[in-house]
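For reference, the structure is listed below as structure tokens.
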Amino acid sequence: MQRALHWLCSLVALAALVGCVSAPETRADYDKTVDFAQYRSFGFYDRIGTDEADYETLVTRHLKASTRRELEARGYRYTETAPDLLVNFNASVTQQTRVHPGPMPFYGGYYGYGYGYPGYYGAWAGYEPYVDQYEEGTLNIDIVDARRKQLVWEGVTVGRITDKARKDRATAIDAAVQDMFSQFPFRAGGATEN
């Protein structure tokens, strides 16, 4: 019974660890010296950072649709002719390796003496590390003052690329873009959301 309980506690701890690692981290920043009330329209750069040399990628297409939805929901108007703001995207994927300590040994012992029953817990209670290899994706959305060619807002999300995200890339992109824009406090014409 104790052994089963020990295994269960270790599995819960491992699940919590993996859950923490796979949660994306999102942050945003903006130029506090800029008056966002002046902006009412937006467009996209001719050459987007997520495109290939001579064609638009599916990732770019998903990013444009998600970003357009978020900005239009905030009152900005999409235009291809002389927009106030220009949007660009960048994305990268890197291989990551994290080494986590193995399961904690059971220090039960008898009235605090010893380290449990070595024969009972055997090698399982050792300090074997857990090696986690995975792909980590970084996505940036840059919003630039079109006239001054100056970055005014940037959203970044970094996280583990899961099998689910690979299978349903459009939904994963929508969620990442929505998460970034939850930190975009402006509406067209100057009102703030927060």
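Here's how to read the names in the structure tokens: chain A, B, ... by the order shown, residue numbers from 1 in each chain, ligand numbers from 1 in the order shown.
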Can you tell me, as a PyMOL selection string, what residues are no more than 6 Å from Asn140 of chain A when counting only C-alpha atoms, ignoring any on the same chain fewer than 3 positions away?
chain A and resi 89-90+155-156
Which neighbours of Asp174 of chain A fall inside 8 Å, counting only C-alpha atoms, when residues of the same chain fewer than 4 positions from it are skipped, and could you give them as a PDB file with N, CA and C atoms, in the first residue's frame?
```
ATOM      1  N   HIS A  62      -2.458  32.237 -41.092  1.00  0.00           N
ATOM      2  CA  HIS A  62      -3.157  32.092 -39.807  1.00  0.00           C
ATOM      3  C   HIS A  62      -2.880  33.289 -38.900  1.00  0.00           C
ATOM      4  N   LEU A  63      -1.627  33.723 -38.847  1.00  0.00           N
ATOM      5  CA  LEU A  63      -1.266  34.863 -38.006  1.00  0.00           C
ATOM      6  C   LEU A  63      -1.981  36.134 -38.446  1.00  0.00           C
ATOM      7  N   SER A  66      -5.737  35.885 -37.404  1.00  0.00           N
ATOM      8  CA  SER A  66      -5.919  36.026 -35.952  1.00  0.00           C
ATOM      9  C   SER A  66      -5.655  37.460 -35.499  1.00  0.00           C
ATOM     10  N   ALA A 170      -3.751  26.019 -36.601  1.00  0.00           N
ATOM     11  CA  ALA A 170      -4.582  27.230 -36.631  1.00  0.00           C
ATOM     12  C   ALA A 170      -5.137  27.553 -35.238  1.00  0.00           C
ATOM     13  N   GLN A 178      -4.406  35.505 -29.313  1.00  0.00           N
ATOM     14  CA  GLN A 178      -5.395  36.018 -28.361  1.00  0.00           C
ATOM     15  C   GLN A 178      -4.747  36.300 -27.005  1.00  0.00           C
TER      16      GLN A 178
END
```
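Atom CA of Ile173 of chain A is positioned 21.6 Å from atom CA of Arg77 of chain A.
Of the residues listed (A:Thr57, A:Ser92, A:Gln183, A:Ser41), A:Ser41 shows the shortest atom-to-atom separation from Glu72 of chain A; distances use only C-alpha atoms.
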Using only C-alpha atoms, determine which residues lie at most 8 Å from Arg40 of chain A, disregarding the query and same-chain residues fewer than 2 positions distant; provide the list as an MDAnalysis selection string.
chainID A and resid 37:38 42 75:77 84 188:189
Please save N, CA and C atoms of the selected residues as a PDB file, in the first residue's frame.
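The result, stored in result.pdb:
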```
ATOM      1  N   ALA A  37      -3.776  57.253 -29.297  1.00  0.00           N
ATOM      2  CA  ALA A  37      -5.022  57.848 -29.797  1.00  0.00           C
ATOM      3  C   ALA A  37      -4.916  58.220 -31.272  1.00  0.00           C
ATOM      4  N   GLN A  38      -3.710  58.400 -31.774  1.00  0.00           N
ATOM      5  CA  GLN A  38      -3.516  58.801 -33.170  1.00  0.00           C
ATOM      6  C   GLN A  38      -3.716  57.659 -34.162  1.00  0.00           C
ATOM      7  N   PHE A  42      -4.641  49.801 -39.638  1.00  0.00           N
ATOM      8  CA  PHE A  42      -3.464  48.935 -39.642  1.00  0.00           C
ATOM      9  C   PHE A  42      -3.391  48.165 -40.949  1.00  0.00           C
ATOM     10  N   GLY A  75     -11.515  48.018 -32.699  1.00  0.00           N
ATOM     11  CA  GLY A  75     -11.928  49.194 -33.451  1.00  0.00           C
ATOM     12  C   GLY A  75     -10.980  49.656 -34.542  1.00  0.00           C
ATOM     13  N   TYR A  76      -9.870  48.963 -34.736  1.00  0.00           N
ATOM     14  CA  TYR A  76      -8.937  49.349 -35.795  1.00  0.00           C
ATOM     15  C   TYR A  76      -9.470  48.864 -37.142  1.00  0.00           C
ATOM     16  N   ARG A  77      -9.213  49.651 -38.178  1.00  0.00           N
ATOM     17  CA  ARG A  77      -9.688  49.337 -39.523  1.00  0.00           C
ATOM     18  C   ARG A  77      -8.518  48.825 -40.358  1.00  0.00           C
ATOM     19  N   ASP A  84      -1.999  53.437 -40.454  1.00  0.00           N
ATOM     20  CA  ASP A  84      -1.273  54.091 -39.357  1.00  0.00           C
ATOM     21  C   ASP A  84      -0.248  53.139 -38.741  1.00  0.00           C
ATOM     22  N   ALA A 188      -8.852  51.691 -31.019  1.00  0.00           N
ATOM     23  CA  ALA A 188      -8.655  52.709 -32.056  1.00  0.00           C
ATOM     24  C   ALA A 188      -9.187  54.053 -31.577  1.00  0.00           C
ATOM     25  N   GLY A 189      -8.436  55.088 -31.846  1.00  0.00           N
ATOM     26  CA  GLY A 189      -8.882  56.425 -31.465  1.00  0.00           C
ATOM     27  C   GLY A 189      -8.521  56.821 -30.063  1.00  0.00           C
TER      28      GLY A 189
END
```
Go through segment 12-108 of chain A and collect every residue that DSSP, computed from the backbone, puts in strand (DSSP E); the answer should be as a ChimeraX atom specification.
/A:25-30,41-44,77-78,85-100
Which residue gives the smallest distance to Gln150 of chain A among A:Leu85, A:Ala91, A:Tyr78, A:Tyr39, with only C-alpha atoms counted?
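Closest to Gln150 of chain A of all the choices is A:Leu85.
Distances here use only C-alpha atoms; by that measure, the residue among A:Glu135, A:Glu80, A:Asp168, A:Asp31 closest to Arg98 of chain A is A:Glu135.
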